[in-house]
Amino acid sequence: MGNHFVELFDQWANSYDQTVMGDDLEYRDVFLHYNDILQHVADKAFGHVLEFGPGTGNLTVKLINKGLTVIGVEPSGVMRKIALEKVAGRAEIIEGHFFHFPKDVTVQTIASSYAFHHLTDGEKREAIASYRNILPSGGKIVFADTMYETVKSYQKAIKDATQKGFHDLAHDLQSEYYTTIPVLTDIFNQNGFDVEFEQCNDFVWIMEGIKR
Ligand SMILES: C[S@@+](CC[C@H](N)C(=O)[O-])C[C@H]1O[C@@H](n2cnc3c(N)ncnc32)[C@H](O)[C@@H]1O
């Protein structure tokens with residue numbers, strides 16, 4: 001897993017909260033209903049939570065407001081700084097990533113929003129296999145992210161972005177590791193999770209995997 005994302009997120013961190021509020025036209029539909037999506041992830045979480053890629057801490061705040069204990073694992077130092085200010089001592093935000101996190105913790109929920117696509121499909125499979133080891137039976141993984149029902153709908157999204165002149169979005173869709181629901185279903189099922197998907201906007205779905 002490369003760390004070129006870290007530099008990019010360090011640079012984006014200070015304007016990130018404006019982007020999610022719809023400031024950037026190209027990404028407006030990606031972040032449509034952003035607050036509701038994060039709240040929905042928080043509503044599904046329970047117990048002790050490990051959160052990957054908290055960024056500026058918007059999901060973290062919703063989790064702690066629900067009374068849950070949270071460890072946020074975030075590779076970008078600038079993102080961590082903003083998240084730490086936002087959570088004001090009510091959650092731990094530590095350096096790490098999807099594969100580098102405290103393995104000796106007891107957690108009931110692993111949560112994430114807008115981040116899992118940084119892993120290739122092979123890495124996604126590896127990550128879910130390792131999370132199986134730290135979750136109890138009934139424990140869950142709740143991730144919100146861009147994903148597609150089919151390869152055809154993924155290709156159509158790239159074509160639509162290009163036709164609208166949304167070149168940054170089209171480039172992201174082509175260069176990051178967005179995947180399909182059948183691929184994710186297979187990854188979860190093979191690792192002993194029942195999984196369900198719920199569409200939130202044209203890009204983002206919430207995926208909830210419960211360990212059997
Ligand atoms: C688009 S932001 C999402 C931030 C926040 N979760 C939200 O919903 O607004 C993606 C976040 O994932 C983090 N990230 C990138 N690669 C990661 C990795 N391999 N492991 C964990 N987090 C990663 C980035 O630093 C960034 O904070």
# chains A, B, ... in the order shown; residues from 1 in each chain; ligands from 1
>>> residues_near_ligand(ligand="ligand 1", cutoff="9 Å", atoms="only C-alpha atoms and all ligand atoms", output="PyMOL selection string")
chain A and resi 1-10+12-13+16-17+20+31+34-35+37-38+51-60+73-80+96-100+112-119+144-145
>>> closest_atom_pairs(of="range 158-189 of chain A", to="range 130-133 of chain A", cutoff="12 Å", atoms="only C-alpha atoms", output="CSV")
residue,atom,partner,partner_atom,distance
A:Ile187,CA,A:Arg132,CA,11.5
A:Phe188,CA,A:Arg132,CA,9.6
A:Asn189,CA,A:Arg132,CA,11.3
>>> select_by_dssp(residues="chain A", states="strand (DSSP E)", output="PyMOL selection string")
chain A and resi 48-52+69-73+92-94+109-113+140-148+179-180+193-199+204-211
>>> write_last_selection(atoms="N, CA and C atoms", output="tab-separated table (two decimals), in the first residue's frame")
chain	number	residue	atom	x	y	z
A	48	HIS	N	-17.42	-0.63	21.59
A	48	HIS	CA	-16.15	0.04	21.32
A	48	HIS	C	-15.91	0.04	19.82
A	49	VAL	N	-15.52	1.20	19.31
A	49	VAL	CA	-15.42	1.35	17.85
A	49	VAL	C	-13.99	1.66	17.43
A	50	LEU	N	-13.55	0.97	16.39
A	50	LEU	CA	-12.30	1.29	15.72
A	50	LEU	C	-12.70	1.95	14.42
A	51	GLU	N	-12.24	3.19	14.21
A	51	GLU	CA	-12.62	3.89	12.99
A	51	GLU	C	-11.40	4.12	12.11
A	52	PHE	N	-11.47	3.69	10.87
A	52	PHE	CA	-10.37	3.90	9.94
A	52	PHE	C	-10.59	5.14	9.07
A	69	THR	N	-17.22	4.59	22.66
A	69	THR	CA	-15.80	4.90	22.76
A	69	THR	C	-15.15	4.61	21.40
A	70	VAL	N	-14.27	5.52	20.98
A	70	VAL	CA	-13.74	5.43	19.62
A	70	VAL	C	-12.22	5.59	19.60
A	71	ILE	N	-11.57	4.70	18.84
A	71	ILE	CA	-10.17	4.92	18.48
A	71	ILE	C	-10.16	5.17	16.97
A	72	GLY	N	-9.74	6.35	16.57
A	72	GLY	CA	-9.65	6.69	15.15
A	72	GLY	C	-8.23	6.46	14.68
A	73	VAL	N	-8.10	5.80	13.53
A	73	VAL	CA	-6.77	5.46	13.00
A	73	VAL	C	-6.61	6.17	11.67
A	92	GLU	N	-9.72	8.89	21.03
A	92	GLU	CA	-8.31	8.79	20.66
A	92	GLU	C	-8.22	8.85	19.14
A	93	ILE	N	-7.28	9.65	18.63
A	93	ILE	CA	-7.03	9.65	17.19
A	93	ILE	C	-5.54	9.33	17.03
A	94	ILE	N	-5.23	8.20	16.45
A	94	ILE	CA	-3.83	7.79	16.39
A	94	ILE	C	-3.36	7.60	14.95
A	109	THR	N	-17.34	-2.80	16.89
A	109	THR	CA	-17.64	-2.22	15.56
A	109	THR	C	-16.38	-1.67	14.93
A	110	ILE	N	-16.23	-1.93	13.64
A	110	ILE	CA	-15.18	-1.27	12.85
A	110	ILE	C	-15.91	-0.39	11.84
A	111	ALA	N	-15.65	0.91	11.91
A	111	ALA	CA	-16.41	1.86	11.09
A	111	ALA	C	-15.46	2.65	10.18
A	112	SER	N	-16.01	3.16	9.09
A	112	SER	CA	-15.22	4.00	8.19
A	112	SER	C	-16.16	4.68	7.20
A	113	SER	N	-15.77	5.87	6.76
A	113	SER	CA	-16.56	6.53	5.72
A	113	SER	C	-15.63	7.16	4.69
A	140	LYS	N	-19.55	-6.02	14.12
A	140	LYS	CA	-19.84	-5.59	12.74
A	140	LYS	C	-18.81	-4.64	12.14
A	141	ILE	N	-18.83	-4.65	10.83
A	141	ILE	CA	-18.05	-3.70	10.03
A	141	ILE	C	-19.07	-2.82	9.31
A	142	VAL	N	-18.98	-1.50	9.51
A	142	VAL	CA	-19.90	-0.59	8.83
A	142	VAL	C	-19.10	0.45	8.07
A	143	PHE	N	-19.10	0.34	6.76
A	143	PHE	CA	-18.32	1.24	5.92
A	143	PHE	C	-19.25	1.94	4.93
A	144	ALA	N	-19.11	3.26	4.83
A	144	ALA	CA	-19.78	4.00	3.76
A	144	ALA	C	-18.71	4.35	2.73
A	145	ASP	N	-19.00	4.10	1.47
A	145	ASP	CA	-18.01	4.43	0.43
A	145	ASP	C	-18.66	4.36	-0.95
A	146	THR	N	-17.95	4.90	-1.93
A	146	THR	CA	-18.41	4.77	-3.31
A	146	THR	C	-18.19	3.34	-3.78
A	147	MET	N	-19.23	2.78	-4.37
A	147	MET	CA	-19.13	1.44	-4.95
A	147	MET	C	-20.22	1.31	-6.01
A	148	TYR	N	-20.13	0.26	-6.80
A	148	TYR	CA	-21.06	0.12	-7.92
A	148	TYR	C	-21.69	-1.27	-7.95
A	179	THR	N	-14.86	-0.37	-6.20
A	179	THR	CA	-15.14	-1.75	-6.57
A	179	THR	C	-16.63	-1.98	-6.70
A	180	THR	N	-16.99	-3.24	-6.86
A	180	THR	CA	-18.41	-3.55	-7.07
A	180	THR	C	-18.97	-4.32	-5.88
A	193	PHE	N	-18.77	-13.28	7.15
A	193	PHE	CA	-19.69	-12.18	7.49
A	193	PHE	C	-20.95	-12.27	6.62
A	194	ASP	N	-22.11	-11.98	7.22
A	194	ASP	CA	-23.31	-11.70	6.41
A	194	ASP	C	-23.24	-10.21	6.09
A	195	VAL	N	-23.60	-9.84	4.87
A	195	VAL	CA	-23.42	-8.44	4.51
A	195	VAL	C	-24.64	-7.89	3.78
A	196	GLU	N	-24.94	-6.60	4.07
A	196	GLU	CA	-26.05	-5.92	3.39
A	196	GLU	C	-25.57	-4.56	2.90
A	197	PHE	N	-26.20	-4.09	1.84
A	197	PHE	CA	-25.80	-2.82	1.21
A	197	PHE	C	-27.02	-1.92	1.09
A	198	GLU	N	-26.79	-0.63	1.34
A	198	GLU	CA	-27.89	0.33	1.23
A	198	GLU	C	-27.38	1.55	0.47
A	199	GLN	N	-28.09	1.95	-0.57
A	199	GLN	CA	-27.62	3.07	-1.39
A	199	GLN	C	-27.99	4.40	-0.74
A	204	VAL	N	-22.42	6.72	-3.21
A	204	VAL	CA	-22.11	6.10	-1.91
A	204	VAL	C	-23.17	5.10	-1.44
A	205	TRP	N	-22.67	3.99	-0.94
A	205	TRP	CA	-23.51	2.96	-0.31
A	205	TRP	C	-22.97	2.73	1.10
A	206	ILE	N	-23.84	2.25	1.98
A	206	ILE	CA	-23.38	1.79	3.29
A	206	ILE	C	-23.39	0.26	3.26
A	207	MET	N	-22.27	-0.28	3.67
A	207	MET	CA	-22.10	-1.74	3.66
A	207	MET	C	-21.98	-2.16	5.13
A	208	GLU	N	-22.83	-3.07	5.54
A	208	GLU	CA	-22.84	-3.52	6.94
A	208	GLU	C	-22.61	-5.03	6.96
A	209	GLY	N	-21.45	-5.43	7.50
A	209	GLY	CA	-21.13	-6.85	7.58
A	209	GLY	C	-21.18	-7.29	9.03
A	210	ILE	N	-21.93	-8.34	9.30
A	210	ILE	CA	-22.04	-8.85	10.68
A	210	ILE	C	-21.36	-10.22	10.75
A	211	LYS	N	-20.43	-10.35	11.70
A	211	LYS	CA	-19.69	-11.61	11.82
A	211	LYS	C	-20.61	-12.72	12.33
>>> residues_around(residues="Gly22 in chain A", least_positions_apart="4", cutoff="8 Å", atoms="only C-alpha atoms", output="count of residues only")
5
>>> atom_distance(atom1="CA of Lys164 in chain A", atom2="CA of Thr19 in chain A")
18.5 Å
>>> atom_distance(atom1="CA of Gly138 in chain A", atom2="CA of Phe46 in chain A")
10.6 Å
>>> atom_distance(atom1="CA of Gln174 in chain A", atom2="CA of Arg125 in chain A")
20.3 Å
>>> closest_residue(among="A:Ile64, A:Glu26, A:Ser15, A:Ile128", to="Ala170 in chain A", atoms="only C-alpha atoms")
A:Glu26
>>> closest_residue(among="A:Asp168, A:Asp121, A:Asp43, A:Glu85", to="Lys62 in chain A", atoms="only C-alpha atoms")
A:Asp43
>>> residues_around(residues="Gln108 in chain A", least_positions_apart="2", cutoff="6 Å", atoms="only C-alpha atoms", output="list in words")
Gly47, His48, Leu135 and Gly139 of chain A
